[in-house]
>>> print(open('upload_2.csv').read())   # CSV, N, CA and C atoms
chain,number,residue,atom,x,y,z
A,30,MET,N,0.8,-1.2,0.0
A,30,MET,CA,0.0,0.0,0.0
A,30,MET,C,0.9,1.2,0.0
A,31,GLN,N,0.6,2.2,-0.8
A,31,GLN,CA,1.4,3.4,-0.9
A,31,GLN,C,1.2,4.3,0.3
A,32,ALA,N,2.1,5.2,0.6
A,32,ALA,CA,2.1,6.0,1.8
A,32,ALA,C,0.8,6.8,1.9
A,33,GLY,N,0.4,7.4,0.8
A,33,GLY,CA,-0.8,8.3,0.8
A,33,GLY,C,-2.1,7.4,0.8
A,34,ALA,N,-2.0,6.2,0.4
A,34,ALA,CA,-3.2,5.4,0.3
A,34,ALA,C,-3.6,4.9,1.7
A,35,GLY,N,-2.7,4.8,2.6
A,35,GLY,CA,-3.0,4.3,4.0
A,35,GLY,C,-4.0,5.2,4.7
A,36,PRO,N,-3.7,6.5,4.9
A,36,PRO,CA,-4.7,7.3,5.5
A,36,PRO,C,-6.0,7.4,4.8
A,37,VAL,N,-6.0,7.3,3.5
A,37,VAL,CA,-7.3,7.4,2.7
A,37,VAL,C,-8.1,6.1,3.0
A,38,ALA,N,-7.4,5.0,3.0
A,38,ALA,CA,-8.1,3.7,3.3
A,38,ALA,C,-8.7,3.7,4.7
A,39,VAL,N,-7.9,4.2,5.7
A,39,VAL,CA,-8.4,4.2,7.0
A,39,VAL,C,-9.6,5.2,7.1
A,40,GLY,N,-9.5,6.4,6.5
A,40,GLY,CA,-10.6,7.3,6.5
A,40,GLY,C,-11.8,6.7,5.8
A,41,GLN,N,-11.6,6.1,4.7
A,41,GLN,CA,-12.8,5.5,3.9
A,41,GLN,C,-13.4,4.3,4.7
A,42,LEU,N,-12.6,3.4,5.2
A,42,LEU,CA,-13.1,2.2,5.8
A,42,LEU,C,-13.4,2.4,7.3
A,43,GLY,N,-12.6,3.1,8.0
A,43,GLY,CA,-12.7,3.2,9.4
A,43,GLY,C,-13.7,4.3,9.9
A,44,PHE,N,-13.7,5.4,9.1
A,44,PHE,CA,-14.4,6.6,9.6
A,44,PHE,C,-15.5,7.0,8.6
A,45,GLY,N,-15.7,6.3,7.5
A,45,GLY,CA,-16.8,6.6,6.6
A,45,GLY,C,-16.6,7.9,5.8
A,46,VAL,N,-15.3,8.4,5.6
A,46,VAL,CA,-15.1,9.5,4.8
A,46,VAL,C,-15.1,9.1,3.4
A,47,ASN,N,-15.9,9.7,2.6
A,47,ASN,CA,-16.2,9.2,1.2
A,47,ASN,C,-15.2,9.7,0.2
A,48,TYR,N,-13.9,9.3,0.3
A,48,TYR,CA,-12.9,9.6,-0.7
A,48,TYR,C,-13.2,9.0,-2.0
A,49,LEU,N,-13.8,7.8,-2.0
A,49,LEU,CA,-13.9,7.1,-3.3
A,49,LEU,C,-15.1,7.6,-4.1
A,50,ARG,N,-15.8,8.6,-3.6
A,50,ARG,CA,-16.8,9.3,-4.5
A,50,ARG,C,-16.2,9.9,-5.7
A,51,GLU,N,-15.0,10.5,-5.5
A,51,GLU,CA,-14.2,11.2,-6.5
A,51,GLU,C,-12.8,10.7,-6.5
A,52,PRO,N,-12.5,9.4,-6.9
A,52,PRO,CA,-11.2,8.8,-6.8
A,52,PRO,C,-10.1,9.6,-7.6
A,53,LEU,N,-10.4,9.9,-8.8
A,53,LEU,CA,-9.4,10.6,-9.7
A,53,LEU,C,-9.1,12.0,-9.1
A,54,THR,N,-10.1,12.7,-8.6
A,54,THR,CA,-9.9,14.0,-8.0
A,54,THR,C,-9.0,13.9,-6.7
A,55,VAL,N,-9.3,12.9,-5.9
A,55,VAL,CA,-8.5,12.7,-4.7
A,55,VAL,C,-7.0,12.3,-5.1
A,56,LEU,N,-6.9,11.5,-6.1
A,56,LEU,CA,-5.5,11.2,-6.6
A,56,LEU,C,-4.8,12.4,-7.1
A,57,LEU,N,-5.4,13.3,-7.8
A,57,LEU,CA,-4.8,14.5,-8.3
A,57,LEU,C,-4.3,15.4,-7.1
A,58,VAL,N,-5.1,15.5,-6.1
A,58,VAL,CA,-4.7,16.4,-5.0
A,58,VAL,C,-3.5,15.7,-4.3
A,59,MET,N,-3.6,14.3,-4.1
A,59,MET,CA,-2.6,13.6,-3.4
A,59,MET,C,-1.2,13.7,-4.2
A,60,VAL,N,-1.3,13.7,-5.5
A,60,VAL,CA,-0.1,13.8,-6.3
A,60,VAL,C,0.5,15.2,-6.2
A,61,ALA,N,-0.3,16.2,-6.3
A,61,ALA,CA,0.2,17.6,-6.1
A,61,ALA,C,0.8,17.8,-4.7
A,62,LEU,N,0.1,17.3,-3.7
A,62,LEU,CA,0.6,17.4,-2.3
A,62,LEU,C,1.9,16.6,-2.2
A,63,ALA,N,2.0,15.4,-2.7
A,63,ALA,CA,3.2,14.6,-2.6
A,63,ALA,C,4.4,15.3,-3.4
A,64,SER,N,4.1,16.0,-4.5
A,64,SER,CA,5.1,16.7,-5.2
A,64,SER,C,5.7,17.8,-4.3
A,65,TRP,N,4.8,18.5,-3.7
A,65,TRP,CA,5.3,19.6,-2.8
A,65,TRP,C,6.1,19.0,-1.6
A,66,VAL,N,5.6,18.0,-1.0
A,66,VAL,CA,6.3,17.4,0.2
A,66,VAL,C,7.7,16.9,-0.3
A,67,ALA,N,7.7,16.2,-1.4
A,67,ALA,CA,9.0,15.7,-1.9
A,67,ALA,C,10.0,16.8,-2.2
A,68,SER,N,9.5,17.8,-2.8
A,68,SER,CA,10.3,19.0,-3.1
A,68,SER,C,10.9,19.7,-1.9
A,69,LEU,N,10.0,19.8,-0.9
A,69,LEU,CA,10.4,20.4,0.4
A,69,LEU,C,11.5,19.5,1.1
A,70,GLY,N,11.3,18.2,1.0
A,70,GLY,CA,12.2,17.3,1.6
A,70,GLY,C,13.6,17.3,0.9
A,71,LEU,N,13.6,17.4,-0.4
A,71,LEU,CA,14.8,17.6,-1.1
A,71,LEU,C,15.5,18.9,-0.8
A,72,PHE,N,14.7,19.9,-0.7
A,72,PHE,CA,15.3,21.3,-0.3
A,72,PHE,C,16.0,21.2,1.1
A,73,ILE,N,15.3,20.6,2.0
A,73,ILE,CA,15.8,20.5,3.4
A,73,ILE,C,17.1,19.6,3.3
A,74,GLY,N,17.0,18.5,2.6
A,74,GLY,CA,18.2,17.7,2.5
A,74,GLY,C,19.4,18.3,1.9
A,75,THR,N,19.2,19.2,0.9
A,75,THR,CA,20.3,19.9,0.3
A,75,THR,C,20.9,21.1,1.1
A,76,MET,N,20.0,21.7,1.9
A,76,MET,CA,20.4,22.9,2.7
A,76,MET,C,21.0,22.5,4.1
A,77,ALA,N,20.5,21.4,4.6
A,77,ALA,CA,21.0,21.0,6.0
A,77,ALA,C,22.4,20.6,6.0
A,78,LYS,N,23.1,20.9,7.1
A,78,LYS,CA,24.5,20.5,7.2
A,78,LYS,C,24.8,19.2,7.9
A,79,GLY,N,23.8,18.6,8.4
A,79,GLY,CA,23.9,17.3,9.1
A,79,GLY,C,22.6,16.7,9.4
A,80,GLU,N,22.6,15.5,9.9
A,80,GLU,CA,21.4,14.8,10.2
A,80,GLU,C,20.5,15.5,11.2
A,81,GLU,N,21.2,16.1,12.2
A,81,GLU,CA,20.4,16.8,13.2
A,81,GLU,C,19.6,17.9,12.6
A,82,GLN,N,20.2,18.6,11.7
A,82,GLN,CA,19.5,19.8,11.1
A,82,GLN,C,18.4,19.3,10.2
A,83,VAL,N,18.5,18.2,9.6
A,83,VAL,CA,17.4,17.6,8.8
A,83,VAL,C,16.2,17.3,9.7
A,84,VAL,N,16.5,16.7,10.8
A,84,VAL,CA,15.4,16.4,11.7
A,84,VAL,C,14.8,17.7,12.3
A,85,LEU,N,15.6,18.6,12.6
A,85,LEU,CA,15.1,19.9,13.2
A,85,LEU,C,14.3,20.6,12.2
A,86,TRP,N,14.8,20.8,11.0
A,86,TRP,CA,14.0,21.6,9.9
A,86,TRP,C,12.8,20.8,9.5
A,87,SER,N,12.8,19.5,9.5
A,87,SER,CA,11.6,18.7,9.1
A,87,SER,C,10.5,18.9,10.2
A,88,LEU,N,10.9,18.8,11.4
A,88,LEU,CA,9.9,19.0,12.5
A,88,LEU,C,9.4,20.4,12.5
A,89,MET,N,10.2,21.4,12.3
A,89,MET,CA,9.7,22.8,12.3
A,89,MET,C,8.7,23.0,11.2
A,90,CYS,N,9.1,22.5,10.0
A,90,CYS,CA,8.2,22.6,8.8
A,90,CYS,C,6.9,21.9,9.1
A,91,MET,N,6.9,20.7,9.7
A,91,MET,CA,5.7,19.9,9.9
A,91,MET,C,4.8,20.7,10.9
A,92,PHE,N,5.3,21.2,12.0
A,92,PHE,CA,4.5,22.0,12.9
A,92,PHE,C,3.9,23.3,12.3
A,93,VAL,N,4.8,24.0,11.7
A,93,VAL,CA,4.3,25.3,11.1
A,93,VAL,C,3.3,25.1,10.0
A,94,PHE,N,3.6,24.2,9.1
A,94,PHE,CA,2.7,24.0,7.9
A,94,PHE,C,1.4,23.4,8.4
A,95,SER,N,1.4,22.4,9.3
A,95,SER,CA,0.2,21.8,9.7
A,95,SER,C,-0.7,22.8,10.6
A,96,ALA,N,-0.1,23.6,11.4
A,96,ALA,CA,-0.8,24.5,12.2
A,96,ALA,C,-1.4,25.7,11.4
A,97,LEU,N,-0.6,26.3,10.5
A,97,LEU,CA,-1.0,27.4,9.7
A,97,LEU,C,-1.9,27.0,8.6
A,98,GLY,N,-1.8,25.7,8.1
A,98,GLY,CA,-2.5,25.3,7.0
A,98,GLY,C,-3.9,24.7,7.2
A,99,GLY,N,-4.3,24.6,8.5
A,99,GLY,CA,-5.6,24.1,8.8
A,99,GLY,C,-5.7,22.6,9.1
A,100,ALA,N,-4.6,22.0,9.3
A,100,ALA,CA,-4.6,20.5,9.6
A,100,ALA,C,-5.0,20.3,11.0
A,101,TRP,N,-4.8,21.2,11.9
A,101,TRP,CA,-5.1,21.0,13.3
A,101,TRP,C,-6.5,21.5,13.6
A,102,PHE,N,-7.0,22.5,12.9
A,102,PHE,CA,-8.3,23.1,13.0
A,102,PHE,C,-8.7,23.7,11.7
A,103,PRO,N,-9.9,23.7,11.3
A,103,PRO,CA,-10.3,24.3,10.0
A,103,PRO,C,-10.1,25.8,10.0
A,104,LEU,N,-9.6,26.3,8.9
A,104,LEU,CA,-9.3,27.7,8.8
A,104,LEU,C,-10.6,28.5,8.7
A,105,GLU,N,-11.7,27.9,8.4
A,105,GLU,CA,-13.0,28.5,8.4
A,105,GLU,C,-13.4,29.0,9.7
A,106,PHE,N,-12.9,28.4,10.8
A,106,PHE,CA,-13.2,28.8,12.2
A,106,PHE,C,-12.3,29.8,12.8
A,107,THR,N,-11.3,30.2,12.0
A,107,THR,CA,-10.4,31.2,12.5
A,107,THR,C,-10.8,32.6,11.9
A,108,GLY,N,-10.2,33.6,12.3
A,108,GLY,CA,-10.5,34.9,11.7
A,108,GLY,C,-9.9,35.1,10.3
A,109,GLN,N,-10.4,36.1,9.6
A,109,GLN,CA,-9.9,36.3,8.3
A,109,GLN,C,-8.4,36.5,8.2
A,110,THR,N,-7.8,37.2,9.1
A,110,THR,CA,-6.4,37.4,9.1
A,110,THR,C,-5.6,36.1,9.2
A,111,PHE,N,-6.0,35.2,10.1
A,111,PHE,CA,-5.3,34.0,10.3
A,111,PHE,C,-5.5,33.1,9.0
A,112,SER,N,-6.7,33.1,8.5
A,112,SER,CA,-7.0,32.3,7.3
A,112,SER,C,-6.2,32.9,6.1
A,113,THR,N,-6.0,34.2,6.0
A,113,THR,CA,-5.2,34.7,4.9
A,113,THR,C,-3.8,34.4,5.0
A,114,ILE,N,-3.2,34.4,6.2
A,114,ILE,CA,-1.9,34.1,6.5
A,114,ILE,C,-1.7,32.6,6.2
A,115,GLY,N,-2.6,31.8,6.7
A,115,GLY,CA,-2.6,30.3,6.5
A,115,GLY,C,-2.5,30.0,5.0
A,116,HIS,N,-3.2,30.7,4.2
A,116,HIS,CA,-3.2,30.5,2.7
A,116,HIS,C,-2.0,30.9,2.0
A,117,LEU,N,-1.0,31.4,2.8
A,117,LEU,CA,0.3,31.6,2.2
A,117,LEU,C,1.1,30.3,2.2
A,118,THR,N,0.6,29.3,2.9
A,118,THR,CA,1.3,28.0,3.0
A,118,THR,C,0.6,27.0,2.1
A,119,PRO,N,1.4,26.1,1.5
A,119,PRO,CA,0.8,25.1,0.6
A,119,PRO,C,-0.1,24.1,1.3
A,120,SER,N,0.1,23.9,2.6
A,120,SER,CA,-0.7,23.0,3.3
A,120,SER,C,-2.2,23.4,3.4
A,121,ALA,N,-2.4,24.7,3.4
A,121,ALA,CA,-3.8,25.3,3.4
A,121,ALA,C,-4.5,24.9,2.1
A,122,TRP,N,-3.7,25.0,1.0
A,122,TRP,CA,-4.3,24.7,-0.3
A,122,TRP,C,-4.6,23.2,-0.4
A,123,ALA,N,-3.8,22.4,0.2
A,123,ALA,CA,-4.0,20.9,0.2
A,123,ALA,C,-5.3,20.7,0.9
A,124,MET,N,-5.4,21.3,2.1
A,124,MET,CA,-6.6,21.1,2.9
A,124,MET,C,-7.9,21.6,2.1
A,125,ASP,N,-7.7,22.7,1.4
A,125,ASP,CA,-8.9,23.2,0.6
A,125,ASP,C,-9.3,22.2,-0.4
A,126,GLY,N,-8.3,21.6,-1.1
A,126,GLY,CA,-8.6,20.6,-2.1
A,126,GLY,C,-9.3,19.4,-1.6
A,127,PHE,N,-8.8,18.9,-0.4
A,127,PHE,CA,-9.5,17.7,0.2
A,127,PHE,C,-10.9,18.1,0.7
A,128,GLN,N,-11.0,19.3,1.3
A,128,GLN,CA,-12.3,19.7,1.8
A,128,GLN,C,-13.3,19.9,0.7
A,129,ASN,N,-12.8,20.4,-0.5
A,129,ASN,CA,-13.7,20.6,-1.6
A,129,ASN,C,-14.3,19.2,-2.1
A,130,ILE,N,-13.5,18.2,-2.0
A,130,ILE,CA,-13.9,16.8,-2.4
A,130,ILE,C,-14.8,16.2,-1.3
A,131,VAL,N,-14.3,16.2,-0.1
A,131,VAL,CA,-15.0,15.4,1.0
A,131,VAL,C,-16.1,16.2,1.7
A,132,VAL,N,-15.8,17.4,2.1
A,132,VAL,CA,-16.8,18.1,2.9
A,132,VAL,C,-17.8,18.8,2.0
A,133,ARG,N,-17.3,19.5,1.0
A,133,ARG,CA,-18.2,20.3,0.1
A,133,ARG,C,-18.8,19.5,-1.0
A,134,GLU,N,-18.3,18.2,-1.2
A,134,GLU,CA,-18.8,17.3,-2.2
A,134,GLU,C,-18.7,17.9,-3.6
A,135,LEU,N,-17.7,18.6,-3.9
A,135,LEU,CA,-17.4,19.2,-5.3
A,135,LEU,C,-16.6,18.2,-6.1
A,136,GLY,N,-16.5,18.4,-7.4
A,136,GLY,CA,-15.9,17.5,-8.3
A,136,GLY,C,-14.5,18.0,-8.7
A,137,LEU,N,-14.1,17.5,-9.9
A,137,LEU,CA,-12.8,17.7,-10.4
A,137,LEU,C,-12.4,19.2,-10.6
A,138,ARG,N,-13.4,20.0,-11.0
A,138,ARG,CA,-13.1,21.4,-11.3
A,138,ARG,C,-12.8,22.2,-10.0
A,139,SER,N,-13.2,21.7,-8.9
A,139,SER,CA,-12.9,22.4,-7.6
A,139,SER,C,-11.5,22.3,-7.1
A,140,ILE,N,-10.7,21.4,-7.7
A,140,ILE,CA,-9.4,21.2,-7.2
A,140,ILE,C,-8.3,21.8,-8.1
A,141,GLY,N,-8.7,22.4,-9.2
A,141,GLY,CA,-7.8,23.0,-10.1
A,141,GLY,C,-6.8,24.1,-9.4
A,142,LEU,N,-7.4,25.0,-8.7
A,142,LEU,CA,-6.6,26.0,-8.1
A,142,LEU,C,-5.8,25.5,-6.9
A,143,PRO,N,-6.4,24.7,-6.0
A,143,PRO,CA,-5.5,24.1,-5.0
A,143,PRO,C,-4.4,23.3,-5.5
A,144,ALA,N,-4.6,22.4,-6.4
A,144,ALA,CA,-3.6,21.5,-7.0
A,144,ALA,C,-2.6,22.3,-7.8
A,145,GLY,N,-3.0,23.3,-8.5
A,145,GLY,CA,-2.1,24.2,-9.2
A,145,GLY,C,-1.1,24.9,-8.3
A,146,ILE,N,-1.7,25.5,-7.2
A,146,ILE,CA,-0.8,26.2,-6.3
A,146,ILE,C,0.2,25.3,-5.6
A,147,LEU,N,-0.3,24.1,-5.3
A,147,LEU,CA,0.6,23.1,-4.7
A,147,LEU,C,1.8,22.8,-5.7
A,148,LEU,N,1.5,22.7,-7.0
A,148,LEU,CA,2.5,22.4,-8.0
A,148,LEU,C,3.5,23.5,-8.1
A,149,ILE,N,3.0,24.8,-8.0
A,149,ILE,CA,3.9,25.9,-8.0
A,149,ILE,C,4.8,25.9,-6.8
A,150,TYR,N,4.3,25.6,-5.6
A,150,TYR,CA,5.1,25.5,-4.4
A,150,TYR,C,6.1,24.4,-4.6
A,151,ALA,N,5.7,23.3,-5.3
A,151,ALA,CA,6.7,22.2,-5.5
A,151,ALA,C,7.9,22.6,-6.3
A,152,ALA,N,7.7,23.5,-7.2
A,152,ALA,CA,8.8,24.0,-8.1
A,152,ALA,C,9.6,25.1,-7.4
A,153,ALA,N,9.1,25.8,-6.4
A,153,ALA,CA,9.7,26.9,-5.8
A,153,ALA,C,11.1,26.6,-5.1
A,154,PRO,N,11.1,25.5,-4.3
A,154,PRO,CA,12.4,25.2,-3.6
A,154,PRO,C,13.6,25.0,-4.6
A,155,GLN,N,13.3,24.4,-5.7
A,155,GLN,CA,14.3,24.2,-6.7
A,155,GLN,C,14.9,25.5,-7.2
A,156,ARG,N,14.1,26.5,-7.3
A,156,ARG,CA,14.6,27.8,-7.8
A,156,ARG,C,15.4,28.5,-6.7
A,157,ILE,N,15.0,28.3,-5.5
A,157,ILE,CA,15.7,28.9,-4.3
A,157,ILE,C,17.1,28.3,-4.1
A,158,ALA,N,17.1,27.0,-4.3
A,158,ALA,CA,18.4,26.3,-4.0
A,158,ALA,C,19.5,26.6,-5.0
A,159,ARG,N,19.1,27.1,-6.2
A,159,ARG,CA,20.2,27.4,-7.2
A,159,ARG,C,21.0,28.5,-6.9
>>> encode(input="upload_2.csv", output="structure tokens")
Amino acid sequence: MQAGAGPVAVGQLGFGVNYLREPLTVLLVMVALASWVASLGLFIGTMAKGEEQVVLWSLMCMFVFSALGGAWFPLEFTGQTFSTIGHLTPSAWAMDGFQNIVVRELGLRSIGLPAGILLIYAAAPQRIAR
């Protein structure tokens, strides 16, 4: 089972989250998100000076991106300022994509902007590292 498929399978089977209503749409958001995460990991790996720095930077990114991006609590329940700041992070766009599919029950057209922004973020670290 692929890394992204595990949480989707648990959500679908264990919690009744209807990911399979739009499987292609979910796959596209997962691929865009995985591209950004892989790009960030490569960036951290090239910039870090040792294993300890890799761990430190990875943990810092995880906490900042998950908190600001709405993975800990929906950005809809925060103020406009926090939501705007959160949407400067790619994780907020990933959450928007998944919420469009699962919560709002929208289709393929609803993930164009979130997936596109994730792919732009995926290309950004490679430009910075040069």
>>> closest_residue(input="upload_2.csv", among="A:Leu49, A:Leu62, A:Ala152, A:Ile114", to="Glu134 (chain A)", atoms="only C-alpha atoms")
A:Leu49
>>> closest_residue(input="upload_2.csv", among="A:Ala121, A:Leu135, A:Ile146, A:Met91", to="Leu69 (chain A)", atoms="only C-alpha atoms")
A:Met91
>>> residues_around(input="upload_2.csv", residues="Gly99 (chain A)", least_positions_apart="5", cutoff="7 Å", atoms="only N, CA and C atoms", output="list in words")
Phe94, Leu104, Gly115, Ser120, Ala121 and Met124 of chain A
>>> select_by_dssp(input="upload_2.csv", residues="region 39-153 of chain A", states="helix (DSSP H, G or I)", output="VMD selection string")
chain A and resid 39 to 43 48 to 50 52 to 76 80 to 98 104 to 106 109 to 115 119 to 131 137 to 153
>>> residues_around(input="upload_2.csv", residues="Ile149 (chain A)", least_positions_apart="4", cutoff="10 Å", atoms="only C-alpha atoms", output="mmCIF file with N, CA and C atoms, in the coordinates of the input")
data_model
loop_
_atom_site.group_PDB
_atom_site.id
_atom_site.type_symbol
_atom_site.label_atom_id
_atom_site.label_comp_id
_atom_site.auth_asym_id
_atom_site.auth_seq_id
_atom_site.Cartn_x
_atom_site.Cartn_y
_atom_site.Cartn_z
ATOM 1 N N ALA A 61 -0.300 16.200 -6.300
ATOM 2 C CA ALA A 61 0.200 17.600 -6.100
ATOM 3 C C ALA A 61 0.800 17.800 -4.700
ATOM 4 N N SER A 64 4.100 16.000 -4.500
ATOM 5 C CA SER A 64 5.100 16.700 -5.200
ATOM 6 C C SER A 64 5.700 17.800 -4.300
ATOM 7 N N TRP A 65 4.800 18.500 -3.700
ATOM 8 C CA TRP A 65 5.300 19.600 -2.800
ATOM 9 C C TRP A 65 6.100 19.000 -1.600
ATOM 10 N N PRO A 119 1.400 26.100 1.500
ATOM 11 C CA PRO A 119 0.800 25.100 0.600
ATOM 12 C C PRO A 119 -0.100 24.100 1.300
ATOM 13 N N ALA A 144 -4.600 22.400 -6.400
ATOM 14 C CA ALA A 144 -3.600 21.500 -7.000
ATOM 15 C C ALA A 144 -2.600 22.300 -7.800
ATOM 16 N N GLY A 145 -3.000 23.300 -8.500
ATOM 17 C CA GLY A 145 -2.100 24.200 -9.200
ATOM 18 C C GLY A 145 -1.100 24.900 -8.300
ATOM 19 N N ALA A 153 9.100 25.800 -6.400
ATOM 20 C CA ALA A 153 9.700 26.900 -5.800
ATOM 21 C C ALA A 153 11.100 26.600 -5.100
ATOM 22 N N PRO A 154 11.100 25.500 -4.300
ATOM 23 C CA PRO A 154 12.400 25.200 -3.600
ATOM 24 C C PRO A 154 13.600 25.000 -4.600
#
>>> closest_residue(input="upload_2.csv", among="A:Ser87, A:Gln109, A:Gln82, A:Gln128", to="Gly70 (chain A)", atoms="all atoms listed in the file")
A:Ser87
>>> closest_atom_pairs(input="upload_2.csv", of="region 82-152 of chain A", to="region 43-48 of chain A", cutoff="8 Å", atoms="only N, CA and C atoms", output="JSON lines")
{"residue": "A:Ile130", "atom": "C", "partner": "A:Asn47", "partner_atom": "C", "distance": 6.7}
{"residue": "A:Val131", "atom": "CA", "partner": "A:Asn47", "partner_atom": "C", "distance": 5.8}
{"residue": "A:Val132", "atom": "N", "partner": "A:Asn47", "partner_atom": "N", "distance": 7.7}
>>> atom_distance(input="upload_2.csv", atom1="atom N of Tyr150 (chain A)", atom2="atom N of Ser95 (chain A)")
15.5 Å
>>> atom_distance(input="upload_2.csv", atom1="atom C of Ile73 (chain A)", atom2="atom C of Val93 (chain A)")
16.3 Å
>>> atom_distance(input="upload_2.csv", atom1="CA of Gly136 (chain A)", atom2="CA of Pro103 (chain A)")
20.3 Å
>>> closest_residue(input="upload_2.csv", among="A:Leu97, A:Leu56, A:Ala77, A:Ala67", to="Ser112 (chain A)", atoms="all atoms listed in the file")
A:Leu97
>>> closest_residue(input="upload_2.csv", among="A:Val83, A:Ala100, A:Val60, A:Val55", to="Leu148 (chain A)", atoms="only C-alpha atoms")
A:Val60
>>> closest_residue(input="upload_2.csv", among="A:Val66, A:Phe111, A:Phe127, A:Gly141", to="Glu51 (chain A)", atoms="only C-alpha atoms")
A:Phe127
>>> decode(input="upload_2.csv", residues="region 120-138 of chain A", atoms="N, CA and C atoms", output="short mmCIF file (atom, residue, chain, number, x, y, z; two decimals), in the first residue's frame")
data_model
loop_
_atom_site.label_atom_id
_atom_site.label_comp_id
_atom_site.auth_asym_id
_atom_site.auth_seq_id
_atom_site.Cartn_x
_atom_site.Cartn_y
_atom_site.Cartn_z
N SER A 120 0.12 23.92 2.58
CA SER A 120 -0.73 22.96 3.29
C SER A 120 -2.18 23.44 3.36
N ALA A 121 -2.41 24.74 3.41
CA ALA A 121 -3.78 25.26 3.41
C ALA A 121 -4.47 24.94 2.09
N TRP A 122 -3.72 25.02 1.00
CA TRP A 122 -4.30 24.71 -0.31
C TRP A 122 -4.60 23.21 -0.44
N ALA A 123 -3.75 22.38 0.15
CA ALA A 123 -4.03 20.94 0.15
C ALA A 123 -5.31 20.65 0.94
N MET A 124 -5.44 21.30 2.09
CA MET A 124 -6.65 21.11 2.89
C MET A 124 -7.88 21.60 2.13
N ASP A 125 -7.75 22.72 1.42
CA ASP A 125 -8.87 23.20 0.61
C ASP A 125 -9.26 22.18 -0.44
N GLY A 126 -8.26 21.59 -1.10
CA GLY A 126 -8.55 20.59 -2.11
C GLY A 126 -9.30 19.40 -1.55
N PHE A 127 -8.81 18.87 -0.44
CA PHE A 127 -9.48 17.72 0.17
C PHE A 127 -10.85 18.09 0.71
N GLN A 128 -10.99 19.28 1.30
CA GLN A 128 -12.31 19.70 1.79
C GLN A 128 -13.29 19.91 0.66
N ASN A 129 -12.82 20.41 -0.47
CA ASN A 129 -13.71 20.56 -1.64
C ASN A 129 -14.27 19.21 -2.06
N ILE A 130 -13.47 18.17 -1.96
CA ILE A 130 -13.92 16.84 -2.37
C ILE A 130 -14.81 16.20 -1.31
N VAL A 131 -14.33 16.18 -0.08
CA VAL A 131 -14.99 15.39 0.97
C VAL A 131 -16.11 16.16 1.67
N VAL A 132 -15.84 17.39 2.08
CA VAL A 132 -16.81 18.14 2.87
C VAL A 132 -17.84 18.83 1.98
N ARG A 133 -17.35 19.51 0.96
CA ARG A 133 -18.24 20.29 0.09
C ARG A 133 -18.83 19.47 -1.05
N GLU A 134 -18.33 18.23 -1.22
CA GLU A 134 -18.80 17.29 -2.24
C GLU A 134 -18.75 17.89 -3.65
N LEU A 135 -17.65 18.60 -3.94
CA LEU A 135 -17.44 19.17 -5.26
C LEU A 135 -16.61 18.21 -6.09
N GLY A 136 -16.55 18.43 -7.36
CA GLY A 136 -15.86 17.50 -8.25
C GLY A 136 -14.51 17.99 -8.71
N LEU A 137 -14.11 17.49 -9.86
CA LEU A 137 -12.78 17.72 -10.42
C LEU A 137 -12.45 19.19 -10.60
N ARG A 138 -13.39 19.98 -11.04
CA ARG A 138 -13.13 21.40 -11.29
C ARG A 138 -12.78 22.16 -10.02
#
